[in-house]
Structure formats: structure tokens, C-alpha cells
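Chemist: Encoded as C-alpha cells, here's the structure I'll be asking about.
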Amino acid sequence: MSRRWVSERKRDPYYKRAKRENYYSRAAYKLMQMDERFGIIRKGDAVIDLGAAPGGWSQVAVERSAPDGLVISIDLRRISEIKGAITMRGDAFAPETVEKIIALLESKGRGRADVILSDMSPNISGVYDIDHAKSIDLVKRAMELCGALLRPGGTFVAKVFEGESMKELKNEAKERFRMVKPHSPDATRERSSEIYIVCKGFRS
Ligand SMILES: C[S@@+](CC[C@H](N)C(=O)[O-])C[C@H]1O[C@@H](n2cnc3c(N)ncnc32)[C@H](O)[C@@H]1O
């Protein structure tokens with residue numbers, strides 16, 4: 001963490017707000033803003049949050065799917081304790097993780113999830129093209145998981161670093177979802193190359 005990063009973070013209004021309002025990350029506001037715009041999470045929804053640590057998105061998912069929702073949060077890193085969410089530490093793409101998620105959904109009387117969120121980030125190399133390619137790969141793999149975990153008509157939201165393969169990714173998403181919208185919520189930092197693809201109406 002550079003000194004500049006630390007001082008920018010201290011001045012960041014969303015960072016301060018997250019501290020004040022007890023969210024584990026400023027990223028929570030990105031999901032809130034996308035939810036307000038696109039209606040991503042409904043009451044009672046079963047939501048899978050891939051790349052959930054420290055836990056801001058999962059906190060929002062719990063709030064918005066309450067009182068009868070189900071939130072399953074997965075990350076390679078430890079996820080902070082989130083009341084109302086089931087947290088799992090592991091690789092989202094490992095077959096045993098997918099099996100655990102399916103078993104959990106079944107044990108809660110849910111066939112498949114209504115919403116899959118992916119705020120997963122690759123390990124950053126600092127080389128733009130490499131990081132873009134890694135991020136595209138993550139989203140494509142997360143989209144593959146939808147086949148096993150998302151109900152027909154369901155919603156998928158994923159972070160991607162912008163770049164030349166964005167168009168190809170969008171086309172691939174359009175084959176699987178009725179609506180695909182790239183979107184940059186206000187809470188995304190100005191200098192960031194990240195964007196989200198919001199996909200609704202999963203064609204199973
Ligand atoms: C930007 S953070 C997510 C922030 C989170 N949405 C929040 O609101 O607190 C990205 C996370 O993706 C996770 N991640 C990356 N690849 C993953 C994988 N294959 N399986 C599970 N988690 C992964 C990283 O460990 C990291 O914690």
C-alpha cells in the first residue's frame with residue numbers, strides 16, 4: 001500500500017461512509033447503486049456472492065433479500081462475519097466448492113440461485129493487457145458456473161477490467177442472457193478501469 005493510496009483512501013467519501021455505516025468495504029455502495037438502477041436483488045432471493053471478502057456486497061445482499069433470502073458468500077480469503085450470510089472459504093471454481101453450494105441450496109429448499117454476483121479480481125500484475133485478460137477469463141468462468149447454479153431468468157453481475165476483449169465478452173453474455181448492460185456505478189473510483197456487466201434473464 002503506497003502512502004498516496006492510504007491518503008486518497010482517507011479522503012474518499014465512500015470509504016468514510018462505509019466506516020460510519022458499518023460496511024466492510026466501500027464496494028458495498030457499488031452494489032447498492034447498481035441494485036437501485038437495475039433491480040438486482042429482490043426480497044426472498046437466493047444470492048451467491050463470488051469473491052465476497054471482506055464482505056460489503058454480502059452485507060448488502062443480506063439486507064436486500066431479507067427476511068426470507070439466502071446469501072452464500074465465497075472467497076479465497078477469510079470473509080468477515082456477516083449475520084445472515086453463509087460464508088465459505090475456497091476457490092469459487094473448485095468442483096468441491098460448486099458441490100457444496102449445490103448441497104447448501106438444496107438443504108435450504110432452493111433449486112438454484114436467483115442471483116450470482118462476482119466482484120472477483122485477479123491478482124494484479126500491473127500490466128494492463130495481462131490484467132484485462134485475467135479479468136475476462138474470471139468473468140467467463142463465473143458465467144460458466146451460471147449453468148450449474150443459476151435459475152432460468154436469473155441475474156448475473158460481474159466486475160471486469162475494461163479492454164479490447166470487452167466486446168467479445170458482451171457478445172458471449174448476450175447468448176446466455178436476454179439483457180446485458182455494461183455499467184459503471186458512481187462509487188467506482190474515477191481512475192479505475194473496472195466496469196460491471198449486469199446480465200438479466202438467464203437463458204438456461
Ligand atoms: C475486490 S474483492 C471483493 C470485495 C467484496 N465485493 C466486498 O464488497 O467486500 C475481490 C475478491 O475476489 C477474490 N477472488 C479472486 N479469485 C477468486 C476465486 N477464484 N475464488 C474465490 N474468490 C476469489 C479475492 O480473494 C478478493 O477477496
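Identifiers for the C-alpha cells are assigned positionally: chains receive A, B, ... in sequence, residues are indexed from 1 per chain, and ligands are indexed from 1 in the order shown.
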Applying 12 Å and only C-alpha atoms, which residues near range 147-153 of chain A remain after dropping the ones on its own chain fewer than 3 positions away? List them as a ChimeraX atom specification.
Modeler: /A:40,45-50,72,92-93,95,97-106,110-117,140-144,156-157,176-179,199-204
Chemist: Which neighbours of range 124-137 of chain A fall inside 9 Å, counting only C-alpha atoms, when residues of the same chain fewer than 6 positions from it are skipped, and could you give them as an MDAnalysis selection string?
Modeler: chainID A and resid 159:166 169
Chemist: Residues within 7 Å of ligand 1 (only C-alpha atoms and all ligand atoms), as a ChimeraX atom specification?
Modeler: /A:24-28,50-58,74-77,90-93,119-122
Chemist: What is the distance, in Å and to one decimal place, between CA of Tyr14 in chain A and CA of Tyr196 in chain A?
Modeler: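 Taking CA of Tyr14 in chain A and CA of Tyr196 in chain A, their separation equals 17.9 Å.
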Chemist: From a backbone DSSP assignment, name each residue in range 55-132 of chain A labelled strand (DSSP E or B), as a PyMOL selection string.
Modeler: chain A and resi 70-75+85-89+113-118
Chemist: Between A:Ile195, A:Leu138, A:Ala187, A:Ile41, which one has atoms that come closest to Tyr29 in chain A, using only C-alpha atoms?
Modeler: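 Of the candidates, the smallest distance to Tyr29 in chain A is held by A:Ala187.
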Chemist: Separation of CA of Gln59 in chain A and CA of Ala18 in chain A, in Å?
Modeler: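 Rounded to one decimal, the two atoms are 11.4 Å apart.
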Chemist: For Gly44 in chain A, which of A:Ala61, A:Arg20, A:Arg189, A:Gly69 is the closest residue, counting only C-alpha atoms?
Modeler: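 Using only C-alpha atoms, Gly44 in chain A sits closest to A:Gly69.
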Chemist: Could you pull out the alpha helix (DSSP H) residues of range 153-187 of chain A, going by DSSP on the backbone, and write them as a list in words?
Modeler: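 For range 153-187 of chain A, the alpha helix (DSSP H) set is Met166, Lys167, Glu168, Leu169, Lys170, Asn171, Glu172, Ala173, Lys174, Glu175 and Arg176 of chain A.
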Chemist: Expressed in Å to a single decimal, how great is the separation between CA of Lys181 in chain A and CA of Ile197 in chain A?
Modeler: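 CA of Ile197 in chain A lies 5.6 Å from CA of Lys181 in chain A.
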